[in-house]
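One structure is given here, and the rest of the page talks about it.
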Amino acid sequence: MQPAEPDSLWAALSDARPLDDRTLWGAEASVSLGDLVDGSSLGGALESLRDRSVLLAARDQLTAALALIELDGIASRVVLCPPDLAIEHLPCVAATAGVDAQVSDGAADVQAPGVATFATCTPKIAPGACDRTARHRTEWILLTSGTTGRPKLVAHTLSSLTAPIIGGARPAVPPVWATFYDIRRYGGLQIFLRALLGGASMVLSCPEESTADFLIRAGAHGVTHMSGTPSHWRRALMSAAAQRIAPQYVRLSGEIADQAILDRLRARYPHARVAHAFASTEAGVAFDVGDGRAGFPAGLLGRRTGGPEMKVEDGSLRIRSTRTASRYLGDADERVADADGFVDTGDMVERRGDRYYFVGRRGGVINVGGLKVHPEEVEAVINGHPRVRMSRVRARKNPITGALVVADVVLDAPADGGVADVEQELVRHCRAALPRHKVPAAINVVAGLGVNGAGKLVRRDA
Amino acid sequence: MRAETGTTSVKGTVIAQLEKVAREQKRTLAPLSDDLVLLDSGLDSLCLAIIVARLEDELGVDPFDSDKDAEFPVTVGDFVRLYEDAAR
């Protein structure tokens, strides 16, 4: 069996024995994969979850990870609840997914309505064999953080999730993966599956843990491969603990990777391969770019044997591949892909020379007196200034033009002169690079910018 | 605080902002007078939008927002008066 097409996650791990040198580290506990394949985290409850639609609502990422490994192939469906799922959405999610069983780690206080079967998952592995016969291609349901309230339920299978993962030769020394993402998000789940199927160990993050503490912990476990969004990485680089890791591979996904963040990561980790990937929950992983430059080569468009096919239509990137989600649950009217099988990512691209660059989200456009501005294109310019660590561009309502562009900026180090001087300098920097209507009418230096549960810059105004 | 803001200084603030934004936006500003028609002043709508935003920060008022019925000012004098009335 190819590592990319296992019967179940548990079977893939079982086939990869011995597993003694492979571990999942949480913030509070850790589990050897060898112990897990010969025992269970579910305290004898696995059989009661067979053929069920299981809501996986653990607080801790480690317990969620263990339950996922065990439930794949056993449950007909697993709904991966992200830790920040608003409680008011739970009844709707549970009803849409036909949930009839729930796995929690005891710490979770959420309880789906109408569920009769409850099981508890713990990092204390009970030894003993279970019937692991996989009778399902389990549907993995991921929730997207919809900007308009209710989350969407996106259906994947292990094979759509693992299609981007190329099985290679087993490394002599197990790599150690870590990600700032939660593994119940697409970006984090990709890394989790890469670690499991790629012979690796993994360090899992914890929402209560600071970026610095996570970096220190990942460094202590000898992290070799690390992933996060550009916002995650900007935060990491602001921390002195960024020196505590020495990865061979640094990966960015989930947001636009601008040239400034790529350059800064290269400077900080000169021995690492720095790659940015394009992926979304619906479209799956489309491609990785490893040449250290923002955007992607125009040559990636068109048909590629085996890999995803991409095209640009009405300015947005469209993807057709075996890695895309199969459907939305519950929403009969909304389709993941069009009639030809292409997923519209809603990410707008622009060709400059032999490369395409991401300019922003279709829905995020600021309209300044009829002229369109993507916040991300302005942020890319601001982030290119050496004093800037991260920025957020947003609309400010205006009675004359409908809206104006304004920016909030986090500096690399406190301004020694006045903050006003830096703000003026940044406005001049933008004027030199952008047409008038895209230059922020005001640039405010702020202490920090919010990053949401999915690792993306918070764009909605509080 | 607002009570201490005399009408003279409101006018001064508005005029200063018109001149500042014109400079920043590299616009040639016609000699300012109460009768000067805004559209002939050299300021385009983006300039005016920025001026309105800056004045809201500086004076704490947006006369376009607080009085929905206000007619759009035609002259510089109208524009200044709008702020004087709102800041009162």
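Quick note on naming: the chains in the structure tokens go A, B, ... in the order shown, residues restart at 1 in each chain, and ligands are numbered from 1 in order of appearance.
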Write out as JSON lines a residue-level contact list of segment 19-50 of chain B versus segment 72-84 of chain B with cut-off 10 Å: for each qualifying residue the closest pair of atoms and the distance in Å to one decimal, counting only C-alpha atoms, rows sorted by chain and residue number upward.
{"residue": "B:Leu32", "atom": "CA", "partner": "B:Val76", "partner_atom": "CA", "distance": 7.5}
{"residue": "B:Ser33", "atom": "CA", "partner": "B:Val76", "partner_atom": "CA", "distance": 6.7}
{"residue": "B:Asp34", "atom": "CA", "partner": "B:Gly77", "partner_atom": "CA", "distance": 3.9}
{"residue": "B:Asp35", "atom": "CA", "partner": "B:Thr75", "partner_atom": "CA", "distance": 5.6}
{"residue": "B:Leu36", "atom": "CA", "partner": "B:Thr75", "partner_atom": "CA", "distance": 5.3}
{"residue": "B:Val37", "atom": "CA", "partner": "B:Thr75", "partner_atom": "CA", "distance": 4.2}
{"residue": "B:Leu38", "atom": "CA", "partner": "B:Thr75", "partner_atom": "CA", "distance": 5.1}
{"residue": "B:Leu39", "atom": "CA", "partner": "B:Val74", "partner_atom": "CA", "distance": 7.8}
{"residue": "B:Asp40", "atom": "CA", "partner": "B:Thr75", "partner_atom": "CA", "distance": 9.1}
{"residue": "B:Ser41", "atom": "CA", "partner": "B:Val76", "partner_atom": "CA", "distance": 8.4}
Can you list, as a PyMOL selection string, every protein, DNA or RNA residue that comes within 12 Å of segment 157-160 of chain A when you count only C-alpha atoms, leaving out same-chain residues fewer than 4 positions away?
chain A and resi 2-10+12+68-69+71-73+76-79+136-142+164-166+186+189-190+193-194+197+281-286+308+321-327
Quick one: residues within 7 Å of Val61 of chain B, only C-alpha atoms counted, chain neighbours fewer than 4 positions away excluded, as an mmCIF file with C-alpha atoms, in the first residue's frame?
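Dumped everything to result38.cif:
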data_model
loop_
_atom_site.group_PDB
_atom_site.id
_atom_site.type_symbol
_atom_site.label_atom_id
_atom_site.label_comp_id
_atom_site.auth_asym_id
_atom_site.auth_seq_id
_atom_site.Cartn_x
_atom_site.Cartn_y
_atom_site.Cartn_z
ATOM 1 C CA GLU B 56 -13.201 64.633 12.069
ATOM 2 C CA ALA B 86 -21.175 71.501 13.818
ATOM 3 C CA ALA B 87 -18.455 72.430 16.285
#
Per residue of chain A within 8 Å of chain B, note the shortest atom pair and the distance in Å to one decimal, counting only C-alpha atoms, and order the rows by chain and increasing residue number, as CSV.
residue,atom,partner,partner_atom,distance
A:Gly369,CA,B:Leu46,CA,7.6
A:Asn398,CA,B:Ala49,CA,6.4
A:Pro399,CA,B:Phe64,CA,6.4
A:Ile400,CA,B:Ala49,CA,5.1
A:Thr401,CA,B:Ala49,CA,6.0
A:Leu404,CA,B:Ala49,CA,7.4
A:Arg436,CA,B:Gln25,CA,7.9
A:His437,CA,B:Leu46,CA,7.1
A:Ala441,CA,B:Ile50,CA,6.1
Name the residues of chain B that fall into helix (DSSP H, G or I) according to DSSP on the backbone, using the chain letters and numbers of this document, as a count of residues only.
55
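Nearest to Ala454 of chain A of all the residues A:Trp25, A:Phe118, A:Tyr181, A:Phe278 is A:Tyr181, counting only C-alpha atoms.
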